[in-house]
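Raw contents of final-v2.pdb, PDB, C-alpha atoms:
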ATOM      1  CA  MET J   1    -155.563 -30.876-110.088
ATOM      2  CA  ASP J   2    -154.809 -29.778-113.641
ATOM      3  CA  PHE J   3    -152.098 -27.129-113.690
ATOM      4  CA  ALA J   4    -149.379 -25.656-115.873
ATOM      5  CA  ALA J   5    -145.975 -24.449-114.680
ATOM      6  CA  VAL J   6    -144.256 -21.172-115.535
ATOM      7  CA  LEU J   7    -140.549 -20.694-114.857
ATOM      8  CA  LEU J   8    -139.492 -17.034-114.775
ATOM      9  CA  ALA J   9    -135.964 -16.682-116.159
ATOM     10  CA  ALA J  10    -135.936 -13.480-118.213
ATOM     11  CA  GLY J  11    -133.865 -11.144-116.053
ATOM     12  CA  ALA J  12    -130.392  -9.815-116.804
ATOM     13  CA  SER J  13    -128.936 -10.391-113.286
ATOM     14  CA  ARG J  14    -127.459  -6.877-113.280
ATOM     15  CA  ARG J  15    -126.804  -6.719-109.539
ATOM     16  CA  LEU J  16    -125.169 -10.128-109.596
ATOM     17  CA  GLY J  17    -122.922  -9.346-112.553
ATOM     18  CA  GLN J  18    -123.400 -12.759-114.192
ATOM     19  CA  PRO J  19    -126.407 -14.768-115.409
ATOM     20  CA  LYS J  20    -127.940 -16.362-112.318
ATOM     21  CA  GLN J  21    -129.697 -18.802-114.640
ATOM     22  CA  LEU J  22    -126.314 -20.374-115.423
ATOM     23  CA  LEU J  23    -125.137 -20.845-111.851
ATOM     24  CA  ARG J  24    -124.906 -24.547-111.136
ATOM     25  CA  ARG J  25    -126.146 -26.949-108.512
ATOM     26  CA  ASP J  26    -124.860 -30.509-108.702
ATOM     27  CA  GLY J  27    -123.450 -29.745-112.137
ATOM     28  CA  GLU J  28    -126.790 -28.569-113.549
ATOM     29  CA  SER J  29    -127.633 -24.949-114.373
ATOM     30  CA  LEU J  30    -130.341 -23.402-112.198
ATOM     31  CA  LEU J  31    -132.345 -22.739-115.364
ATOM     32  CA  ARG J  32    -132.337 -26.376-116.423
ATOM     33  CA  ARG J  33    -132.900 -27.534-112.841
ATOM     34  CA  GLY J  34    -135.926 -25.246-112.441
ATOM     35  CA  ALA J  35    -137.454 -26.482-115.685
ATOM     36  CA  ARG J  36    -136.783 -30.101-114.745
ATOM     37  CA  LEU J  37    -138.423 -29.663-111.327
ATOM     38  CA  ALA J  38    -141.416 -27.944-112.923
ATOM     39  CA  LEU J  39    -141.833 -30.853-115.318
ATOM     40  CA  ALA J  40    -141.492 -33.374-112.474
ATOM     41  CA  SER J  41    -144.211 -31.607-110.468
ATOM     42  CA  GLY J  42    -146.910 -33.099-112.683
ATOM     43  CA  ALA J  43    -147.628 -29.940-114.670
ATOM     44  CA  ALA J  44    -149.657 -30.523-117.820
ATOM     45  CA  ARG J  45    -147.520 -27.893-119.592
ATOM     46  CA  THR J  46    -144.304 -26.128-118.653
ATOM     47  CA  VAL J  47    -143.457 -22.693-120.035
ATOM     48  CA  VAL J  48    -140.044 -21.081-119.494
ATOM     49  CA  VAL J  49    -139.972 -17.309-119.996
ATOM     50  CA  LEU J  50    -136.626 -16.070-121.326
ATOM     51  CA  GLY J  51    -135.515 -12.523-122.076
ATOM     52  CA  ALA J  52    -131.936 -11.323-121.580
ATOM     53  CA  ARG J  53    -129.440 -13.688-123.236
ATOM     54  CA  ALA J  54    -132.329 -15.809-124.546
ATOM     55  CA  GLU J  55    -130.291 -17.549-127.251
ATOM     56  CA  ARG J  56    -127.536 -18.569-124.886
ATOM     57  CA  LEU J  57    -129.954 -19.665-122.155
ATOM     58  CA  GLY J  58    -132.291 -21.540-124.474
ATOM     59  CA  ALA J  59    -129.628 -24.179-125.075
ATOM     60  CA  GLU J  60    -129.872 -25.123-121.383
ATOM     61  CA  LEU J  61    -133.353 -26.489-122.067
ATOM     62  CA  ASP J  62    -132.342 -28.891-124.849
ATOM     63  CA  GLY J  63    -133.990 -32.276-124.456
ATOM     64  CA  LEU J  64    -136.613 -31.083-121.955
ATOM     65  CA  ALA J  65    -140.327 -31.068-122.788
ATOM     66  CA  ALA J  66    -140.636 -27.418-121.814
ATOM     67  CA  GLN J  67    -141.800 -24.612-124.097
ATOM     68  CA  SER J  68    -139.523 -21.594-124.058
ATOM     69  CA  VAL J  69    -141.048 -18.228-124.899
ATOM     70  CA  LEU J  70    -139.341 -14.869-125.374
ATOM     71  CA  ASN J  71    -140.415 -11.847-123.368
ATOM     72  CA  PRO J  72    -139.350  -8.949-125.590
ATOM     73  CA  ASP J  73    -140.154  -6.527-122.758
ATOM     74  CA  TRP J  74    -138.128  -8.346-120.090
ATOM     75  CA  GLN J  75    -136.585  -5.052-118.931
ATOM     76  CA  ASP J  76    -140.039  -3.969-117.742
ATOM     77  CA  GLY J  77    -139.943  -6.489-114.888
ATOM     78  CA  MET J  78    -141.680  -9.611-113.668
ATOM     79  CA  ALA J  79    -145.166  -8.514-114.682
ATOM     80  CA  SER J  80    -144.164  -8.484-118.359
ATOM     81  CA  SER J  81    -142.899 -12.066-118.007
ATOM     82  CA  LEU J  82    -146.172 -13.130-116.395
ATOM     83  CA  ALA J  83    -148.082 -11.501-119.249
ATOM     84  CA  THR J  84    -145.844 -13.295-121.776
ATOM     85  CA  ALA J  85    -146.543 -16.605-120.037
ATOM     86  CA  ALA J  86    -150.275 -15.869-119.951
ATOM     87  CA  ARG J  87    -150.262 -15.368-123.719
ATOM     88  CA  ALA J  88    -148.358 -18.637-124.180
ATOM     89  CA  LEU J  89    -150.944 -20.412-122.030
ATOM     90  CA  ALA J  90    -153.950 -18.881-123.806
ATOM     91  CA  GLY J  91    -156.716 -21.449-123.810
ATOM     92  CA  PHE J  92    -155.343 -23.336-120.784
ATOM     93  CA  ASP J  93    -157.995 -23.185-118.092
ATOM     94  CA  GLY J  94    -156.245 -24.677-115.078
ATOM     95  CA  ALA J  95    -154.171 -23.345-112.229
ATOM     96  CA  VAL J  96    -150.593 -22.182-112.802
ATOM     97  CA  LEU J  97    -147.497 -22.950-110.744
ATOM     98  CA  VAL J  98    -145.142 -19.958-110.907
ATOM     99  CA  LEU J  99    -141.504 -20.396-109.953
ATOM    100  CA  ALA J 100    -138.237 -18.548-110.413
ATOM    101  CA  CYS J 101    -134.878 -20.045-111.271
ATOM    102  CA  ASP J 102    -132.956 -18.056-108.655
ATOM    103  CA  GLN J 103    -133.953 -19.995-105.523
ATOM    104  CA  PRO J 104    -131.093 -22.479-105.218
ATOM    105  CA  ALA J 105    -132.674 -24.388-102.288
ATOM    106  CA  LEU J 106    -135.786 -25.234-104.321
ATOM    107  CA  GLU J 107    -136.643 -28.938-104.320
ATOM    108  CA  LEU J 108    -139.383 -30.988-105.935
ATOM    109  CA  ALA J 109    -140.866 -31.515-102.454
ATOM    110  CA  HIS J 110    -141.626 -27.774-102.242
ATOM    111  CA  LEU J 111    -143.552 -27.852-105.511
ATOM    112  CA  LEU J 112    -145.490 -30.969-104.547
ATOM    113  CA  ALA J 113    -146.411 -29.398-101.196
ATOM    114  CA  LEU J 114    -147.747 -26.333-103.026
ATOM    115  CA  ARG J 115    -149.716 -28.543-105.399
ATOM    116  CA  ASP J 116    -151.272 -30.462-102.557
ATOM    117  CA  GLY J 117    -151.964 -27.307-100.528
ATOM    118  CA  ALA J 118    -153.642 -25.606-103.474
ATOM    119  CA  THR J 119    -155.882 -28.617-104.009
ATOM    120  CA  ALA J 120    -157.439 -27.929-100.626
ATOM    121  CA  ALA J 121    -157.393 -24.120-100.585
ATOM    122  CA  GLY J 122    -157.522 -22.930-104.207
ATOM    123  CA  CYS J 123    -154.126 -21.199-104.189
ATOM    124  CA  ALA J 124    -150.820 -21.888-102.450
ATOM    125  CA  ALA J 125    -147.811 -19.630-102.001
ATOM    126  CA  THR J 126    -144.492 -19.579-100.220
ATOM    127  CA  GLU J 127    -144.318 -17.336 -97.185
ATOM    128  CA  HIS J 128    -141.244 -15.090 -97.144
ATOM    129  CA  ALA J 129    -140.912 -13.174 -93.852
ATOM    130  CA  GLY J 130    -144.700 -12.845 -93.647
ATOM    131  CA  ALA J 131    -145.217 -11.922 -97.317
ATOM    132  CA  LEU J 132    -146.425 -14.341 -99.979
ATOM    133  CA  GLY J 133    -144.290 -15.052-103.027
ATOM    134  CA  VAL J 134    -142.879 -17.654-105.389
ATOM    135  CA  PRO J 135    -143.041 -20.448-105.863
ATOM    136  CA  ALA J 136    -146.816 -20.197-105.843
ATOM    137  CA  LEU J 137    -149.667 -22.139-107.356
ATOM    138  CA  ILE J 138    -152.189 -19.619-108.637
ATOM    139  CA  SER J 139    -155.851 -20.453-109.225
ATOM    140  CA  ALA J 140    -157.155 -20.267-112.787
ATOM    141  CA  GLN J 141    -159.257 -17.215-111.884
ATOM    142  CA  LEU J 142    -156.331 -15.282-110.443
ATOM    143  CA  TRP J 143    -154.069 -16.353-113.304
ATOM    144  CA  ARG J 144    -156.461 -14.781-115.807
ATOM    145  CA  GLU J 145    -155.515 -11.443-114.243
ATOM    146  CA  ALA J 146    -151.843 -11.985-115.204
ATOM    147  CA  THR J 147    -152.037  -9.610-118.149
ATOM    148  CA  GLY J 148    -153.161  -6.806-115.801
ATOM    149  CA  VAL J 149    -150.128  -6.732-113.493
ATOM    150  CA  ARG J 150    -147.473  -4.090-114.106
ATOM    151  CA  GLY J 151    -143.790  -3.467-113.320
ATOM    152  CA  ASP J 152    -141.679  -5.761-111.172
ATOM    153  CA  ARG J 153    -144.689  -7.190-109.382
ATOM    154  CA  GLY J 154    -146.355 -10.536-109.407
ATOM    155  CA  PHE J 155    -149.329 -11.919-107.550
ATOM    156  CA  GLY J 156    -148.157 -11.187-103.996
ATOM    157  CA  ALA J 157    -150.633  -8.369-103.336
ATOM    158  CA  ALA J 158    -153.593 -10.299-104.742
ATOM    159  CA  LEU J 159    -152.675 -13.365-102.694
ATOM    160  CA  ALA J 160    -152.362 -11.258 -99.534
ATOM    161  CA  GLN J 161    -155.876  -9.876-100.088
ATOM    162  CA  ALA J 162    -157.448 -13.298-100.642
ATOM    163  CA  PRO J 163    -160.055 -14.384 -98.079
ATOM    164  CA  ASP J 164    -158.946 -16.497 -95.125
ATOM    165  CA  GLY J 165    -158.453 -20.099 -96.148
ATOM    166  CA  ALA J 166    -158.139 -19.286 -99.866
ATOM    167  CA  VAL J 167    -154.329 -19.452 -99.879
ATOM    168  CA  TRP J 168    -152.367 -22.304 -98.353
ATOM    169  CA  ARG J 169    -148.989 -21.093 -97.048
ATOM    170  CA  LEU J 170    -145.755 -23.015 -97.470
ATOM    171  CA  ARG J 171    -143.316 -22.115 -94.735
ATOM    172  CA  ALA J 172    -139.881 -22.858 -96.179
ATOM    173  CA  PRO J 173    -137.343 -20.334 -94.889
ATOM    174  CA  GLU J 174    -134.646 -21.805 -97.126
ATOM    175  CA  LEU J 175    -136.511 -20.387-100.131
ATOM    176  CA  GLU J 176    -136.046 -16.850 -98.834
ATOM    177  CA  LEU J 177    -132.513 -16.904-100.250
ATOM    178  CA  ASP J 178    -132.629 -15.831-103.862
ATOM    179  CA  LEU J 179    -129.610 -14.827-105.872
ATOM    180  CA  ASP J 180    -129.370 -11.083-106.364
ATOM    181  CA  THR J 181    -125.836 -10.287-105.166
ATOM    182  CA  PRO J 182    -122.424 -11.977-104.934
ATOM    183  CA  ASP J 183    -123.012 -12.305-101.164
ATOM    184  CA  ASP J 184    -126.176 -14.313-101.898
ATOM    185  CA  VAL J 185    -124.137 -16.633-104.115
ATOM    186  CA  ASP J 186    -121.508 -17.056-101.405
ATOM    187  CA  ALA J 187    -124.227 -17.901 -98.865
ATOM    188  CA  ALA J 188    -125.772 -20.481-101.211
ATOM    189  CA  ILE J 189    -122.369 -22.090-101.842
ATOM    190  CA  ALA J 190    -121.688 -22.252 -98.109
ATOM    191  CA  ARG J 191    -125.011 -24.063 -97.595
ATOM    192  CA  GLY J 192    -124.338 -26.539-100.382
ATOM    193  CA  TRP J 193    -127.081 -25.152-102.612
ATOM    194  CA  LEU J 194    -124.712 -24.034-105.372
ATOM    195  CA  ASP J 195    -121.539 -25.498-106.805
ATOM    196  CA  PRO J 196    -118.401 -23.461-106.073
ATOM    197  CA  LEU J 197    -117.605 -20.965-108.815
TER
END
Taking this structure as input, can you express it in the form of structure tokens?
Amino acid sequence: MDFAAVLLAAGASRRLGQPKQLLRRDGESLLRRGARLALASGAARTVVVLGARAERLGAELDGLAAQSVLNPDWQDGMASSLATAARALAGFDGAVLVLACDQPALELAHLLALRDGATAAGCAATEHAGALGVPALISAQLWREATGVRGDRGFGAALAQAPDGAVWRLRAPELELDLDTPDDVDAAIARGWLDPL
């Protein structure tokens, strides 16, 4: 399967009070780790969408074969980052693996499972308490709709409305922990998914 990867990393981490992209796991920032895992997944291209603190965060990608792009409208939410990535991938006609850098339990095995699941079903997404979310491998057809989403929304609703069998579901409860608050960070540290601050 020919696919590209998009790492969403444009947010300002307001609720957290510090850039979640720079939190570390095994000495590596979550931003760099996410990009490295995306590259290791077999993606033909990897695009990292930056926004808040783009200059500072961009240095975390030095030496990686990932393309960083700036979302000037990052304050408008996830949809604007997906649209920015869609523009960067103009002309690419494959599926797209979408991931976020704030899931500290993310492993390469999760991304490979999504890749393999999507090969059979067309799309694959992670199930979070019954809802579908990231990381997700989006079919080329659904990805083309990326410029039409608005606000802080991604592809969850479209994936939920897909016909039976069209979306393979990854059940990985550890990926339900994303980093929005200091309590989330404490929980990730306690589980060994983040280095102590």
Using all atoms listed in the file, which protein or nucleic acid residues come within 12 Å of region 158-172 of chain J? Drop anything in the same chain fewer than 2 positions from it, and give the result as a PDB file with C-alpha atoms, in the frame of the given file.
ATOM      1  CA  GLN J 103    -133.953 -19.995-105.523  1.00  0.00           C
ATOM      2  CA  ALA J 105    -132.674 -24.388-102.288  1.00  0.00           C
ATOM      3  CA  LEU J 106    -135.786 -25.234-104.321  1.00  0.00           C
ATOM      4  CA  GLU J 107    -136.643 -28.938-104.320  1.00  0.00           C
ATOM      5  CA  ALA J 109    -140.866 -31.515-102.454  1.00  0.00           C
ATOM      6  CA  HIS J 110    -141.626 -27.774-102.242  1.00  0.00           C
ATOM      7  CA  LEU J 111    -143.552 -27.852-105.511  1.00  0.00           C
ATOM      8  CA  LEU J 112    -145.490 -30.969-104.547  1.00  0.00           C
ATOM      9  CA  ALA J 113    -146.411 -29.398-101.196  1.00  0.00           C
ATOM     10  CA  LEU J 114    -147.747 -26.333-103.026  1.00  0.00           C
ATOM     11  CA  ARG J 115    -149.716 -28.543-105.399  1.00  0.00           C
ATOM     12  CA  ASP J 116    -151.272 -30.462-102.557  1.00  0.00           C
ATOM     13  CA  GLY J 117    -151.964 -27.307-100.528  1.00  0.00           C
ATOM     14  CA  ALA J 118    -153.642 -25.606-103.474  1.00  0.00           C
ATOM     15  CA  THR J 119    -155.882 -28.617-104.009  1.00  0.00           C
ATOM     16  CA  ALA J 120    -157.439 -27.929-100.626  1.00  0.00           C
ATOM     17  CA  ALA J 121    -157.393 -24.120-100.585  1.00  0.00           C
ATOM     18  CA  GLY J 122    -157.522 -22.930-104.207  1.00  0.00           C
ATOM     19  CA  CYS J 123    -154.126 -21.199-104.189  1.00  0.00           C
ATOM     20  CA  ALA J 124    -150.820 -21.888-102.450  1.00  0.00           C
ATOM     21  CA  ALA J 125    -147.811 -19.630-102.001  1.00  0.00           C
ATOM     22  CA  THR J 126    -144.492 -19.579-100.220  1.00  0.00           C
ATOM     23  CA  GLU J 127    -144.318 -17.336 -97.185  1.00  0.00           C
ATOM     24  CA  HIS J 128    -141.244 -15.090 -97.144  1.00  0.00           C
ATOM     25  CA  ALA J 129    -140.912 -13.174 -93.852  1.00  0.00           C
ATOM     26  CA  GLY J 130    -144.700 -12.845 -93.647  1.00  0.00           C
ATOM     27  CA  ALA J 131    -145.217 -11.922 -97.317  1.00  0.00           C
ATOM     28  CA  LEU J 132    -146.425 -14.341 -99.979  1.00  0.00           C
ATOM     29  CA  GLY J 133    -144.290 -15.052-103.027  1.00  0.00           C
ATOM     30  CA  VAL J 134    -142.879 -17.654-105.389  1.00  0.00           C
ATOM     31  CA  PRO J 135    -143.041 -20.448-105.863  1.00  0.00           C
ATOM     32  CA  ALA J 136    -146.816 -20.197-105.843  1.00  0.00           C
ATOM     33  CA  LEU J 137    -149.667 -22.139-107.356  1.00  0.00           C
ATOM     34  CA  ILE J 138    -152.189 -19.619-108.637  1.00  0.00           C
ATOM     35  CA  SER J 139    -155.851 -20.453-109.225  1.00  0.00           C
ATOM     36  CA  GLN J 141    -159.257 -17.215-111.884  1.00  0.00           C
ATOM     37  CA  LEU J 142    -156.331 -15.282-110.443  1.00  0.00           C
ATOM     38  CA  TRP J 143    -154.069 -16.353-113.304  1.00  0.00           C
ATOM     39  CA  GLU J 145    -155.515 -11.443-114.243  1.00  0.00           C
ATOM     40  CA  ALA J 146    -151.843 -11.985-115.204  1.00  0.00           C
ATOM     41  CA  GLY J 148    -153.161  -6.806-115.801  1.00  0.00           C
ATOM     42  CA  VAL J 149    -150.128  -6.732-113.493  1.00  0.00           C
ATOM     43  CA  ARG J 153    -144.689  -7.190-109.382  1.00  0.00           C
ATOM     44  CA  GLY J 154    -146.355 -10.536-109.407  1.00  0.00           C
ATOM     45  CA  PHE J 155    -149.329 -11.919-107.550  1.00  0.00           C
ATOM     46  CA  GLY J 156    -148.157 -11.187-103.996  1.00  0.00           C
ATOM     47  CA  GLU J 174    -134.646 -21.805 -97.126  1.00  0.00           C
ATOM     48  CA  LEU J 175    -136.511 -20.387-100.131  1.00  0.00           C
ATOM     49  CA  GLU J 176    -136.046 -16.850 -98.834  1.00  0.00           C
ATOM     50  CA  LEU J 177    -132.513 -16.904-100.250  1.00  0.00           C
TER      51      LEU J 177
END
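Considering the residues J:Asp2, J:Asp93, J:Asp195, J:Asp180 and counting all atoms listed in the file, Asp26 (chain J) has its shortest atom-to-atom contact with J:Asp195.
Rounded to one decimal, CA of Met1 (chain J) and CA of Ser41 (chain J) lie 11.4 Å from each other.
Across J:Ala12, J:Leu108, J:Ala40, J:Ala59, the tightest approach to Met78 (chain J) is made by J:Ala12 when counting only C-alpha atoms.
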Handout entry: Resolved residues for the PyMOL selection byres ((chain J and resi 187) around 12) as number ranges by chain
Key = J: 103-105, 174, 176-186, 188-196
Practice task
Neighbourhood query: residues within 9 Å of (-146.6, -15.6, -114.1), file coordinates, counting all atoms listed in the file; return as a list in words.
Solution key: Ala5, Val6, Leu7, Leu8, Met78, Ala79, Ser80, Ser81, Leu82, Ala83, Thr84, Ala85, Ala86, Val96, Leu97, Val98, Leu99, Ile138, Trp143, Ala146, Gly154 and Phe155 of chain J
Problem - Nearby residues, (-131.9, -20.2, -115.5) file frame, 6 Å, all atoms listed in the file, as a list in words - result: Ala9, Gln21, Leu22, Leu30, Leu31 and Cys101 of chain J
Exercise for the section: Calculate how many Å separate CA of Asp76 (chain J) from CA of Leu89 (chain J), rounding to one decimal. Expected result: 20.2 Å
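Between CA of Gly51 (chain J) and CA of Phe92 (chain J) the separation is 22.6 Å.
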Practice task
Evaluate the PyMOL selection byres ((chain J and resi 35) around 8) on the structure here and hand back the selected residues as an MDAnalysis selection string.
Solution key: chainID J and resid 7 31:34 36:39 46 48 61 64 66
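Taking only C-alpha atoms into account, Leu197 (chain J) lies nearest to J:Leu23 out of the set J:Leu50, J:Ala157, J:Glu60, J:Leu23.
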Handout entry: Nearest residue to Ala140 (chain J) from the set J:Pro173, J:Gly11, J:Gly94, J:Pro72 (distances using all atoms listed in the file)
Key = J:Gly94
Handout entry: Nearest residue to Arg53 (chain J) from the set J:Ala10, J:Val69, J:Ala4, J:Arg144 (distances using only C-alpha atoms)
Key = J:Ala10
Taking all atoms of region 103-108 of chain J that appear in the file, build a box with edges along x, y and z, extend it by 4 Å on every side, and state its centre and edge lengths in Å to one decimal, as lines of an AutoDock Vina configuration file.
center_x = -135.2
center_y = -25.5
center_z = -104.1
size_x = 16.3
size_y = 19.0
size_z = 11.6
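Considering the residues J:Gly77, J:Gly42, J:Pro19, J:Gly27 and counting all atoms listed in the file, Leu57 (chain J) has its shortest atom-to-atom contact with J:Pro19.
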